[in-house]
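*Asks:* Just so it is clear, I am handing over input_36.cif, which has mmCIF, C-alpha atoms.
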```cif
data_run
#
loop_
_atom_site.label_atom_id
_atom_site.label_comp_id
_atom_site.auth_asym_id
_atom_site.auth_seq_id
_atom_site.Cartn_x
_atom_site.Cartn_y
_atom_site.Cartn_z
CA MET A 1 -3.92 3.17 -10.29
CA ARG A 2 -0.27 3.87 -9.55
CA ARG A 3 2.26 1.20 -10.28
CA TRP A 4 5.19 -0.17 -8.41
CA ARG A 5 8.13 1.28 -10.33
CA PRO A 6 11.88 1.24 -9.90
CA ARG A 7 13.58 4.59 -9.60
CA THR A 8 15.37 4.47 -12.93
CA ALA A 9 16.21 7.51 -15.08
CA GLY A 10 14.71 9.73 -12.39
CA ARG A 11 11.44 7.79 -12.01
CA LEU A 12 10.23 7.01 -8.51
CA TRP A 13 9.55 3.38 -7.61
CA ALA A 14 6.21 3.17 -5.79
CA VAL A 15 3.71 0.46 -4.90
CA SER A 16 0.11 0.73 -6.06
CA ARG A 17 -2.04 2.97 -3.87
CA SER A 18 -5.00 0.66 -4.41
CA CYS A 19 -4.36 -2.80 -3.03
CA SER A 20 -7.55 -4.39 -4.34
CA PHE A 21 -8.63 -5.55 -7.75
CA SER A 22 -11.60 -7.16 -9.44
CA PRO A 23 -11.10 -8.71 -12.89
CA GLY A 24 -12.33 -6.65 -15.79
CA GLY A 25 -11.41 -3.39 -14.06
CA GLY A 26 -12.76 -1.66 -11.02
CA SER A 27 -11.83 -1.97 -7.41
CA ALA A 28 -13.21 -4.14 -4.64
CA GLY A 29 -12.37 -1.36 -2.17
CA PRO A 30 -8.95 -0.11 -1.18
CA VAL A 31 -7.13 -1.85 1.63
CA GLY A 32 -5.26 1.32 2.42
CA PRO A 33 -3.03 3.94 0.88
CA VAL A 34 0.56 3.09 0.23
CA GLY A 35 2.94 5.97 -0.25
CA PRO A 36 5.95 6.28 -2.52
CA VAL A 37 9.16 4.53 -1.70
CA GLY A 38 11.94 6.71 -0.34
CA PRO A 39 12.84 8.64 2.78
CA SER A 40 10.24 10.87 4.32
CA ALA A 41 10.80 14.57 4.88
CA GLY A 42 13.49 15.15 7.45
CA ALA A 43 14.65 11.55 7.40
CA GLN A 44 18.30 10.71 7.84
CA PRO A 45 20.22 9.94 4.64
CA PRO A 46 20.58 6.22 3.82
CA PRO A 47 23.61 4.42 5.27
CA PRO A 48 26.61 3.80 3.02
CA PRO A 49 26.89 0.39 1.34
CA PRO A 50 28.21 -2.34 3.67
CA ARG A 51 31.75 -3.60 3.32
CA GLY A 52 32.24 -5.46 0.05
CA LEU A 53 29.47 -3.59 -1.76
CA SER A 54 29.62 -0.41 -3.82
CA ARG A 55 27.16 1.74 -5.67
CA ARG A 56 27.64 -0.25 -8.86
CA PRO A 57 24.67 -0.98 -11.13
CA ALA A 58 22.54 -3.77 -9.68
CA LEU A 59 20.52 -6.71 -10.99
CA LEU A 60 17.69 -8.46 -9.15
CA LEU A 61 16.82 -12.16 -9.43
CA PHE A 62 13.35 -13.37 -8.37
CA PRO A 63 12.98 -17.08 -7.43
CA GLY A 64 10.23 -19.42 -8.51
CA GLN A 65 8.23 -22.36 -7.22
CA GLY A 66 10.38 -24.92 -5.44
CA SER A 67 12.13 -22.28 -3.30
CA GLN A 68 9.29 -22.22 -0.76
CA ALA A 69 9.66 -23.23 2.88
CA VAL A 70 7.70 -22.59 6.03
CA GLY A 71 8.95 -19.25 7.39
CA MET A 72 10.08 -18.08 3.93
CA GLY A 73 12.41 -15.42 5.34
CA MET A 74 9.55 -13.52 6.98
CA ALA A 75 11.71 -11.74 9.54
CA GLY A 76 9.98 -9.44 11.99
CA SER A 77 11.72 -6.41 10.52
CA THR A 78 10.28 -7.24 7.09
CA LEU A 79 6.76 -7.77 8.40
CA ALA A 80 6.97 -4.44 10.20
CA LEU A 81 7.18 -2.57 6.90
CA PRO A 82 3.81 -0.93 6.13
CA ARG A 83 3.81 -1.89 2.45
CA VAL A 84 4.53 -5.53 3.27
CA ARG A 85 1.56 -5.60 5.64
CA ASP A 86 -0.58 -3.98 2.94
CA MET A 87 0.46 -6.57 0.38
CA PHE A 88 -0.52 -9.45 2.64
CA ALA A 89 -3.80 -7.69 3.48
CA ALA A 90 -4.52 -7.36 -0.24
CA ALA A 91 -3.67 -11.04 -0.71
CA ARG A 92 -6.09 -12.07 2.03
CA GLN A 93 -8.84 -10.06 0.37
CA LEU A 94 -8.17 -11.39 -3.14
CA LEU A 95 -7.23 -15.00 -2.34
CA GLY A 96 -9.82 -15.57 0.36
CA TYR A 97 -7.39 -17.00 2.94
CA ASP A 98 -4.55 -15.78 5.18
CA LEU A 99 -1.46 -16.19 3.00
CA LEU A 100 0.82 -14.72 5.67
CA ASP A 101 -0.24 -17.45 8.09
CA VAL A 102 0.51 -20.08 5.44
CA CYS A 103 3.96 -18.57 4.83
CA GLU A 104 4.76 -18.34 8.53
CA ARG A 105 3.23 -21.54 9.87
CA GLY A 106 2.44 -23.80 6.92
CA PRO A 107 1.75 -26.67 7.12
CA PRO A 108 4.51 -27.62 4.66
CA GLN A 109 2.12 -29.81 2.66
CA MET A 110 -0.06 -26.78 1.99
CA LEU A 111 2.89 -24.89 0.50
CA LEU A 112 3.54 -27.81 -1.86
CA HIS A 113 0.20 -27.11 -3.53
CA THR A 114 0.70 -24.90 -6.55
CA ARG A 115 -2.39 -22.79 -5.80
CA HIS A 116 -0.83 -21.70 -2.50
CA CYS A 117 2.86 -21.83 -3.37
CA GLN A 118 2.89 -19.46 -6.33
CA PRO A 119 1.13 -16.53 -4.61
CA ALA A 120 3.36 -17.12 -1.57
CA VAL A 121 6.60 -16.96 -3.57
CA PHE A 122 5.31 -13.95 -5.53
CA ILE A 123 4.49 -11.86 -2.45
CA THR A 124 7.46 -12.88 -0.31
CA SER A 125 9.76 -11.90 -3.18
CA LEU A 126 8.23 -8.42 -3.36
CA ALA A 127 8.38 -8.23 0.43
CA ALA A 128 12.11 -8.93 0.12
CA VAL A 129 12.39 -6.03 -2.32
CA GLU A 130 10.70 -3.78 0.25
CA ALA A 131 13.17 -4.94 2.90
CA LEU A 132 16.09 -4.35 0.57
CA ASN A 133 14.80 -0.88 -0.25
CA ALA A 134 14.39 -0.05 3.42
CA ARG A 135 17.96 -1.07 4.23
CA HIS A 136 19.79 0.00 1.08
CA PRO A 137 17.65 2.13 -1.25
CA TRP A 138 20.66 2.75 -3.49
CA VAL A 139 20.28 -0.84 -4.77
CA ILE A 140 16.81 -0.04 -6.10
CA GLU A 141 17.98 3.26 -7.54
CA GLN A 142 20.90 1.57 -9.32
CA CYS A 143 18.92 -1.42 -10.61
CA VAL A 144 19.42 -1.82 -14.36
CA GLY A 145 17.68 -5.16 -14.98
CA ALA A 146 15.95 -8.17 -13.49
CA ALA A 147 14.80 -11.69 -14.23
CA GLY A 148 12.42 -14.09 -12.52
CA PHE A 149 12.29 -17.87 -12.58
CA SER A 150 8.86 -19.09 -13.77
CA VAL A 151 6.32 -17.41 -11.45
CA GLY A 152 9.16 -15.11 -10.39
CA GLU A 153 8.72 -13.33 -13.72
CA PHE A 154 5.51 -11.78 -12.40
CA ALA A 155 7.30 -10.30 -9.38
CA ALA A 156 10.03 -8.96 -11.68
CA LEU A 157 7.44 -7.37 -13.97
CA VAL A 158 5.66 -5.74 -11.03
CA PHE A 159 8.97 -4.37 -9.78
CA ALA A 160 9.70 -2.98 -13.25
CA GLY A 161 6.36 -1.18 -13.49
CA ALA A 162 4.94 -3.40 -16.24
CA MET A 163 2.10 -4.67 -14.01
CA ASP A 164 0.17 -3.36 -11.05
CA PHE A 165 0.81 -5.41 -7.90
CA THR A 166 -2.77 -6.43 -7.19
CA GLU A 167 -3.59 -7.12 -10.82
CA ALA A 168 -0.49 -9.30 -11.09
CA LEU A 169 -1.52 -11.15 -7.92
CA TYR A 170 -4.89 -11.85 -9.56
CA VAL A 171 -3.12 -13.31 -12.61
CA VAL A 172 -0.80 -15.39 -10.40
CA LYS A 173 -3.86 -16.74 -8.59
CA VAL A 174 -5.54 -17.73 -11.86
CA ARG A 175 -2.31 -19.23 -13.19
CA ALA A 176 -1.67 -21.24 -10.04
CA GLU A 177 -5.21 -22.63 -9.89
CA ALA A 178 -5.16 -23.56 -13.58
CA MET A 179 -1.76 -25.25 -13.25
CA GLN A 180 -2.93 -27.10 -10.13
CA GLU A 181 -5.96 -28.39 -12.03
CA ALA A 182 -3.77 -29.49 -14.94
CA SER A 183 -1.41 -31.22 -12.52
CA ASP A 184 -4.21 -33.03 -10.72
CA SER A 185 -5.42 -34.58 -13.98
CA THR A 186 -2.13 -36.43 -14.61
CA PRO A 187 0.33 -37.94 -12.09
CA SER A 188 3.41 -35.93 -12.98
CA GLY A 189 6.36 -34.08 -11.52
CA MET A 190 9.82 -32.62 -12.05
CA LEU A 191 13.26 -34.20 -11.63
CA SER A 192 16.38 -32.11 -11.02
CA VAL A 193 19.35 -33.76 -12.72
CA VAL A 194 23.05 -33.05 -13.02
CA GLY A 195 24.89 -34.77 -15.83
CA ARG A 196 28.32 -34.99 -17.38
CA ALA A 197 29.72 -33.83 -20.68
CA GLU A 198 28.66 -37.14 -22.25
CA THR A 199 25.08 -37.04 -20.90
CA ARG A 200 22.45 -37.13 -23.62
CA TYR A 201 19.38 -35.65 -21.99
CA ASN A 202 17.06 -35.96 -24.98
CA TYR A 203 18.00 -39.61 -25.42
CA ALA A 204 17.30 -40.28 -21.73
CA CYS A 205 13.89 -38.63 -22.10
CA LEU A 206 13.16 -40.69 -25.21
CA GLU A 207 13.99 -43.92 -23.38
CA ALA A 208 11.78 -42.85 -20.47
CA ARG A 209 8.88 -42.20 -22.83
CA GLU A 210 9.34 -45.63 -24.41
CA HIS A 211 9.25 -47.13 -20.93
CA CYS A 212 5.95 -45.37 -20.26
CA LYS A 213 4.50 -46.72 -23.50
CA SER A 214 5.43 -50.23 -22.37
CA LEU A 215 3.30 -49.56 -19.27
CA GLY A 216 0.32 -48.62 -21.45
CA ILE A 217 0.59 -44.85 -21.07
CA GLU A 218 -0.56 -43.12 -24.24
CA GLU A 219 1.35 -40.06 -25.45
CA PRO A 220 3.74 -39.97 -22.47
CA VAL A 221 5.56 -36.75 -21.65
CA CYS A 222 9.19 -36.56 -20.54
CA GLU A 223 11.28 -33.59 -21.62
CA VAL A 224 13.72 -30.95 -20.44
CA ALA A 225 11.69 -28.26 -18.67
CA ASN A 226 14.48 -26.09 -17.21
CA TYR A 227 18.00 -25.30 -18.40
CA LEU A 228 19.63 -24.29 -15.12
CA PHE A 229 23.41 -24.24 -15.68
CA PRO A 230 25.98 -26.25 -17.68
CA ASN A 231 24.97 -29.92 -17.28
CA GLY A 232 22.18 -28.91 -14.90
CA ARG A 233 18.63 -29.57 -16.07
CA VAL A 234 15.14 -30.21 -14.77
CA ILE A 235 13.26 -32.95 -16.58
CA ALA A 236 9.48 -33.02 -16.27
CA GLY A 237 6.71 -35.39 -17.27
CA HIS A 238 4.79 -38.45 -16.16
CA LEU A 239 5.90 -39.77 -12.77
CA GLN A 240 6.61 -43.21 -14.25
CA ALA A 241 9.11 -41.61 -16.63
CA LEU A 242 10.87 -39.74 -13.84
CA GLU A 243 11.05 -42.87 -11.68
CA PHE A 244 12.59 -44.72 -14.65
CA LEU A 245 15.29 -42.04 -14.96
CA GLN A 246 16.06 -42.21 -11.25
CA GLN A 247 16.38 -45.98 -11.34
CA ASN A 248 18.63 -45.84 -14.42
CA SER A 249 20.62 -42.72 -13.58
CA ARG A 250 24.02 -44.40 -14.00
CA ARG A 251 23.05 -45.74 -17.41
CA PHE A 252 22.27 -42.19 -18.58
CA HIS A 253 25.35 -40.64 -16.92
CA LEU A 254 23.32 -38.66 -14.40
CA VAL A 255 25.34 -37.69 -11.34
CA ARG A 256 22.21 -36.61 -9.48
CA ALA A 257 18.50 -37.20 -10.00
CA LYS A 258 16.21 -35.72 -7.32
CA LEU A 259 12.46 -35.14 -7.40
CA LEU A 260 11.48 -31.51 -6.74
CA PRO A 261 8.80 -30.44 -4.22
CA VAL A 262 6.29 -29.44 -6.89
CA SER A 263 2.98 -30.98 -7.85
CA GLY A 264 3.16 -31.11 -11.65
CA ALA A 265 5.17 -31.20 -14.87
CA PHE A 266 5.49 -27.45 -15.32
CA HIS A 267 6.80 -25.99 -18.56
CA THR A 268 5.75 -29.03 -20.60
CA ARG A 269 2.74 -29.71 -22.81
CA LEU A 270 0.97 -31.23 -19.81
CA MET A 271 0.32 -27.61 -18.79
CA ALA A 272 -1.51 -26.79 -22.05
CA PRO A 273 -4.96 -27.00 -20.36
CA ALA A 274 -3.92 -24.07 -18.11
CA ALA A 275 -3.08 -21.74 -21.01
CA PRO A 276 -6.61 -20.44 -21.86
CA ALA A 277 -7.27 -19.28 -18.28
CA LEU A 278 -3.91 -17.50 -18.09
CA ARG A 279 -4.40 -15.90 -21.49
CA GLN A 280 -7.77 -14.50 -20.44
CA ALA A 281 -6.48 -13.26 -17.08
CA LEU A 282 -3.67 -11.38 -18.81
CA GLN A 283 -6.23 -9.75 -21.10
CA ASP A 284 -8.15 -8.56 -18.03
CA ILE A 285 -5.28 -6.41 -16.76
CA SER A 286 -3.06 -3.62 -17.99
CA VAL A 287 0.44 -4.65 -19.09
CA GLU A 288 2.97 -2.01 -20.08
CA LYS A 289 6.57 -1.87 -21.27
CA PRO A 290 8.95 -2.42 -18.30
CA LEU A 291 10.93 0.60 -17.17
CA ILE A 292 14.08 -1.54 -16.92
CA PRO A 293 15.08 -4.63 -18.91
CA ILE A 294 13.30 -7.81 -17.81
CA TYR A 295 14.52 -11.02 -19.42
CA SER A 296 12.05 -13.67 -20.57
CA ASN A 297 12.31 -17.32 -19.56
CA VAL A 298 11.22 -18.40 -23.03
CA ASP A 299 14.16 -17.08 -25.04
CA GLY A 300 16.44 -15.21 -22.60
CA LYS A 301 15.72 -11.92 -24.37
CA LYS A 302 14.28 -8.65 -23.07
CA TYR A 303 10.53 -8.11 -22.97
CA MET A 304 9.59 -5.41 -25.46
CA HIS A 305 6.00 -4.28 -24.77
CA GLY A 306 2.64 -5.32 -23.32
CA PRO A 307 1.46 -7.69 -26.09
CA HIS A 308 4.90 -9.28 -26.19
CA ILE A 309 4.77 -9.89 -22.43
CA ARG A 310 1.28 -11.41 -22.60
CA ARG A 311 2.22 -13.74 -25.44
CA LEU A 312 5.43 -15.03 -23.86
CA LEU A 313 3.94 -15.49 -20.37
CA VAL A 314 1.38 -17.86 -21.88
CA LYS A 315 4.03 -19.61 -23.97
CA GLN A 316 6.17 -19.99 -20.85
CA LEU A 317 3.64 -22.46 -19.41
CA VAL A 318 4.48 -25.08 -22.01
CA SER A 319 8.08 -24.09 -22.86
CA PRO A 320 11.33 -24.83 -21.03
CA VAL A 321 12.77 -22.14 -18.76
CA LYS A 322 16.05 -21.11 -20.36
CA TRP A 323 17.69 -19.80 -17.20
CA GLU A 324 21.28 -20.59 -18.18
CA GLN A 325 20.78 -18.68 -21.44
CA THR A 326 19.18 -15.81 -19.53
CA MET A 327 22.17 -15.54 -17.19
CA HIS A 328 24.53 -15.33 -20.16
CA ALA A 329 22.39 -12.56 -21.69
CA MET A 330 22.10 -10.56 -18.45
CA TYR A 331 25.82 -10.62 -17.67
CA GLU A 332 27.15 -10.09 -21.19
CA ARG A 333 29.48 -7.08 -21.17
CA GLN A 334 32.55 -5.65 -22.77
CA GLN A 335 35.88 -6.96 -21.57
CA GLY A 336 37.17 -4.99 -18.62
CA THR A 337 33.72 -3.83 -17.50
CA ASP A 338 32.90 -4.54 -13.84
CA PHE A 339 30.10 -6.97 -13.09
CA PRO A 340 27.03 -5.49 -11.38
CA ASP A 341 25.97 -6.31 -7.85
CA THR A 342 23.39 -9.09 -7.94
CA PHE A 343 20.68 -9.56 -5.33
CA GLU A 344 18.40 -12.57 -5.01
CA VAL A 345 15.12 -11.31 -3.58
CA GLY A 346 12.82 -14.00 -2.23
CA PRO A 347 12.93 -17.35 -0.46
CA GLY A 348 15.99 -19.57 -0.83
CA LYS A 349 19.34 -19.09 -2.51
CA GLN A 350 18.93 -21.46 -5.45
CA LEU A 351 19.39 -18.75 -8.06
CA GLY A 352 22.69 -17.78 -6.50
CA THR A 353 23.84 -21.39 -6.64
CA MET A 354 22.94 -21.54 -10.33
CA LEU A 355 24.67 -18.21 -11.01
CA ARG A 356 27.85 -19.61 -9.50
CA GLN A 357 27.70 -22.50 -11.96
CA CYS A 358 26.98 -20.20 -14.92
CA ASN A 359 29.33 -17.31 -14.22
CA MET A 360 31.76 -17.39 -11.29
CA LYS A 361 32.91 -13.78 -11.81
CA ALA A 362 29.32 -12.50 -11.69
CA TRP A 363 28.60 -14.67 -8.63
CA ARG A 364 31.37 -12.94 -6.68
CA GLN A 365 29.11 -9.86 -6.59
CA TYR A 366 26.05 -11.90 -5.54
CA ARG A 367 24.16 -11.26 -2.32
CA HIS A 368 20.98 -12.62 -0.82
CA LEU A 369 18.69 -10.39 1.20
CA ASP A 370 20.75 -10.96 4.37
CA MET A 371 23.37 -8.78 2.61
CA GLU A 372 26.24 -10.80 4.04
CA PRO A 373 29.30 -11.21 1.78
CA THR A 374 29.34 -14.54 -0.07
CA ASP A 375 31.91 -16.98 1.31
CA GLN A 376 34.14 -17.48 -1.70
CA SER A 377 35.59 -20.72 -0.28
CA GLU A 378 32.23 -22.38 0.29
CA GLU A 379 31.73 -25.73 -1.45
CA GLU A 380 28.42 -26.83 -2.93
#
```
Please go through the file and, once you have read it, give me the structure as structure tokens.
*Replies:*
Amino acid sequence: MRRWRPRTAGRLWAVSRSCSFSPGGGSAGPVGPVGPVGPSAGAQPPPPPPRGLSRRPALLLFPGQGSQAVGMGMAGSTLALPRVRDMFAAARQLLGYDLLDVCERGPPQMLLHTRHCQPAVFITSLAAVEALNARHPWVIEQCVGAAGFSVGEFAALVFAGAMDFTEALYVVKVRAEAMQEASDSTPSGMLSVVGRAETRYNYACLEAREHCKSLGIEEPVCEVANYLFPNGRVIAGHLQALEFLQQNSRRFHLVRAKLLPVSGAFHTRLMAPAAPALRQALQDISVEKPLIPIYSNVDGKKYMHGPHIRRLLVKQLVSPVKWEQTMHAMYERQQGTDFPDTFEVGPGKQLGTMLRQCNMKAWRQYRHLDMEPTDQSEEE
């Protein structure tokens, strides 16, 4: 089964020719052949980079759950790409429902459900890569690294050749269903907060847990689940704890405290019941060393090999996403070295907003799929 690989060090990036998968190996029947990425014989050479872009090395950022919206950037030109149609056909076969229809028409409440949202973000992100490759293949050829936020890691690993597309979709399906089940067992959620230099996030979480205990909740959970940018965090746990933080935001020096459109306390110990299913699903598929560096959410370091990837993807369920640390690792370079072009591939522009907060110089080379130059004077 051929893998979707970036063209790095002379290797051709190509999507799997078999778009079907049954756990434990074997195929449920191919949806259709998918050829290698790149111009066909006799095709015109690719256009030069648009104004403001060069053929510098590139980095790709893959968004996670919370970036979803009805429509999800499914432009007609993207849906016209044969590989994008094949991916959605494979999803319909494996998931048992029309994911494209959910992405295009919703309803919005359906996309809030983890079991639907995660496969949707996964596939629309890879569809965005296909659109980017069709418009500017040099970006794919020059890609030297990638990172994904939470479920976005699976799209990044498929792009880097570490996982087969359809096998990864199977794992995302299992992961999403297990996380949905864990979420349904406990009223929980996630709170996006922005603090000040004096904000003590751990103290705020401790006070929220004590509040939950006063309500009779045993072993309450309230902890930092995402490190987004300086003074930007996501706190996750029992809903009563998050409501307490919202009501007492001034006391804890929180400038903003907003509930996220997700259905559970992801990346906390409330997700522990989902770990066995994910661990088994990852054992059912082939996982290889990525062809380009992919940075882990768990520690901000590069994935090394298959067993390392499996272990950290399971650990990621119950560990905070260290996105700020990952951005520092990805953009570390010698003084005087140009920053790479950065492309966010998938729904929303949240990762670009976070990059701006983490590293303004790197953000100046940021583009979303629309490829329009970033307005440097834009205010958040």
*Asks:* As a PDB file with C-alpha atoms, in the frame of the given file, please: the residues near stretch 208-222 of chain A (cut-off 9 Å, only C-alpha atoms, same-chain neighbours under 5 positions excluded).
*Replies:*
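To be explicit, this is the file written out as selection_22.pdb:
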```
ATOM      1  CA  SER A 188       3.410 -35.930 -12.980  1.00  0.00           C
ATOM      2  CA  TYR A 203      18.000 -39.610 -25.420  1.00  0.00           C
ATOM      3  CA  ILE A 235      13.260 -32.950 -16.580  1.00  0.00           C
ATOM      4  CA  ALA A 236       9.480 -33.020 -16.270  1.00  0.00           C
ATOM      5  CA  GLY A 237       6.710 -35.390 -17.270  1.00  0.00           C
ATOM      6  CA  HIS A 238       4.790 -38.450 -16.160  1.00  0.00           C
ATOM      7  CA  GLN A 240       6.610 -43.210 -14.250  1.00  0.00           C
ATOM      8  CA  ALA A 241       9.110 -41.610 -16.630  1.00  0.00           C
ATOM      9  CA  LEU A 242      10.870 -39.740 -13.840  1.00  0.00           C
ATOM     10  CA  GLU A 243      11.050 -42.870 -11.680  1.00  0.00           C
ATOM     11  CA  PHE A 244      12.590 -44.720 -14.650  1.00  0.00           C
ATOM     12  CA  LEU A 245      15.290 -42.040 -14.960  1.00  0.00           C
ATOM     13  CA  ALA A 265       5.170 -31.200 -14.870  1.00  0.00           C
ATOM     14  CA  THR A 268       5.750 -29.030 -20.600  1.00  0.00           C
ATOM     15  CA  ARG A 269       2.740 -29.710 -22.810  1.00  0.00           C
ATOM     16  CA  LEU A 270       0.970 -31.230 -19.810  1.00  0.00           C
TER      17      LEU A 270
END
```
*Asks:* Within 12 Å of stretch 167-179 of chain A, which residues of stretch 228-306 of chain A come that close, and what is the closest atom pair and distance in Å for each? Count all atoms listed in the file and give it as a Markdown table.
*Replies:*
```
| residue | atom | partner | partner_atom | distance |
| --- | --- | --- | --- | --- |
| A:Val262 | CA | A:Met179 | CA | 11.1 |
| A:Ser263 | CA | A:Met179 | CA | 9.2 |
| A:Gly264 | CA | A:Met179 | CA | 7.8 |
| A:Ala265 | CA | A:Met179 | CA | 9.3 |
| A:Phe266 | CA | A:Met179 | CA | 7.9 |
| A:His267 | CA | A:Met179 | CA | 10.1 |
| A:Thr268 | CA | A:Met179 | CA | 11.2 |
| A:Arg269 | CA | A:Met179 | CA | 11.5 |
| A:Leu270 | CA | A:Met179 | CA | 9.3 |
| A:Met271 | CA | A:Met179 | CA | 6.4 |
| A:Ala272 | CA | A:Met179 | CA | 8.9 |
| A:Pro273 | CA | A:Ala178 | CA | 7.6 |
| A:Ala274 | CA | A:Ala178 | CA | 4.7 |
| A:Ala275 | CA | A:Ala178 | CA | 7.9 |
| A:Pro276 | CA | A:Ala178 | CA | 9.0 |
| A:Ala277 | CA | A:Ala178 | CA | 6.7 |
| A:Leu278 | CA | A:Arg175 | CA | 5.4 |
| A:Arg279 | CA | A:Arg175 | CA | 9.2 |
| A:Gln280 | CA | A:Val171 | CA | 9.2 |
| A:Ala281 | CA | A:Val171 | CA | 5.6 |
| A:Leu282 | CA | A:Val171 | CA | 6.5 |
| A:Gln283 | CA | A:Val171 | CA | 9.7 |
| A:Asp284 | CA | A:Glu167 | CA | 8.7 |
| A:Ile285 | CA | A:Glu167 | CA | 6.2 |
| A:Ser286 | CA | A:Glu167 | CA | 8.0 |
| A:Val287 | CA | A:Ala168 | CA | 9.3 |
```
*Asks:* Restricted to C-alpha atoms, what would the selected residues look like written as an mmCIF file, keeping the file's coordinate frame?
*Replies:*
```
data_model
loop_
_atom_site.group_PDB
_atom_site.id
_atom_site.type_symbol
_atom_site.label_atom_id
_atom_site.label_comp_id
_atom_site.auth_asym_id
_atom_site.auth_seq_id
_atom_site.Cartn_x
_atom_site.Cartn_y
_atom_site.Cartn_z
ATOM 1 C CA VAL A 262 6.290 -29.440 -6.890
ATOM 2 C CA SER A 263 2.980 -30.980 -7.850
ATOM 3 C CA GLY A 264 3.160 -31.110 -11.650
ATOM 4 C CA ALA A 265 5.170 -31.200 -14.870
ATOM 5 C CA PHE A 266 5.490 -27.450 -15.320
ATOM 6 C CA HIS A 267 6.800 -25.990 -18.560
ATOM 7 C CA THR A 268 5.750 -29.030 -20.600
ATOM 8 C CA ARG A 269 2.740 -29.710 -22.810
ATOM 9 C CA LEU A 270 0.970 -31.230 -19.810
ATOM 10 C CA MET A 271 0.320 -27.610 -18.790
ATOM 11 C CA ALA A 272 -1.510 -26.790 -22.050
ATOM 12 C CA PRO A 273 -4.960 -27.000 -20.360
ATOM 13 C CA ALA A 274 -3.920 -24.070 -18.110
ATOM 14 C CA ALA A 275 -3.080 -21.740 -21.010
ATOM 15 C CA PRO A 276 -6.610 -20.440 -21.860
ATOM 16 C CA ALA A 277 -7.270 -19.280 -18.280
ATOM 17 C CA LEU A 278 -3.910 -17.500 -18.090
ATOM 18 C CA ARG A 279 -4.400 -15.900 -21.490
ATOM 19 C CA GLN A 280 -7.770 -14.500 -20.440
ATOM 20 C CA ALA A 281 -6.480 -13.260 -17.080
ATOM 21 C CA LEU A 282 -3.670 -11.380 -18.810
ATOM 22 C CA GLN A 283 -6.230 -9.750 -21.100
ATOM 23 C CA ASP A 284 -8.150 -8.560 -18.030
ATOM 24 C CA ILE A 285 -5.280 -6.410 -16.760
ATOM 25 C CA SER A 286 -3.060 -3.620 -17.990
ATOM 26 C CA VAL A 287 0.440 -4.650 -19.090
#
```
*Asks:* Determine, counting all atoms listed in the file, which protein, DNA and RNA residues have an atom within 8 Å of an atom of A:Lys289; residues of the same chain fewer than 4 positions away are not included. Present the result as a compact mmCIF listing (two decimals) with C-alpha atoms, in the frame of the given file.
*Replies:*
```txt
# COMPACT_ATOMS: atom_id res chain seq x y z
CA GLY A 161 6.36 -1.18 -13.49
CA ALA A 162 4.94 -3.40 -16.24
CA TYR A 303 10.53 -8.11 -22.97
CA MET A 304 9.59 -5.41 -25.46
CA HIS A 305 6.00 -4.28 -24.77
CA GLY A 306 2.64 -5.32 -23.32
```
*Asks:* Expressed in Å to a single decimal, how great is the separation between atom CA of A:Met72 and atom CA of A:His368?
*Replies:*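 Atom-to-atom, atom CA of A:Met72 to atom CA of A:His368, that is 13.1 Å.
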*Asks:* Could you tell me how far atom CA of A:Arg196 lies from atom CA of A:Asn359, in Å and to one decimal?
*Replies:*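 One can read the atom CA of A:Arg196 to atom CA of A:Asn359 distance as 18.0 Å.
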*Asks:* What gap, in Å, lies between atom CA of A:Pro187 and atom CA of A:Leu239?
*Replies:* 5.9 Å
*Asks:* Have a look at A:Ala128, A:Val84, A:Trp138, A:Asp184 and name the one nearest to A:Thr114; count all atoms listed in the file.
*Replies:* A:Asp184
*Asks:* Pick out the residues sitting within 12 Å of stretch 296-301 of chain A, and hand them over as an MDAnalysis selection string; count only C-alpha atoms, and ignore anything fewer than 3 positions along from it in its own chain.
*Replies:* chainID A and resid 62 64 145:154 156:157 225:228 267 290 293 304:305 308:332
*Asks:* On this file, the PyMOL selection byres ((chain A and resi 129) around 12) gives some set of residues; write that set as a ChimeraX atom specification.
*Replies:* /A:4-6,13-15,37,59-62,78,81,83-84,122-128,130-137,139-140,143,146,155-156,158-160,343-347,368-370
*Asks:* Residues around (18.8, -27.4, -9.2), cut-off 12 Å, counting all atoms listed in the file - what are they as a PyMOL selection string?
*Replies:* chain A and resi 63-67+190-195+225-235+256-261+323-324+348-357+380
*Asks:* Please write as a list of chain:residue names the list of polymer residues whose atoms come within 8 Å of (27.0, -37.2, -20.0), counting only C-alpha atoms and keeping to the coordinates of the file.
*Replies:*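 These residues have at least one counted atom within 8 Å: A:Gly195, A:Arg196, A:Ala197, A:Glu198, A:Thr199, A:Arg200, A:Phe252, A:His253, A:Leu254.
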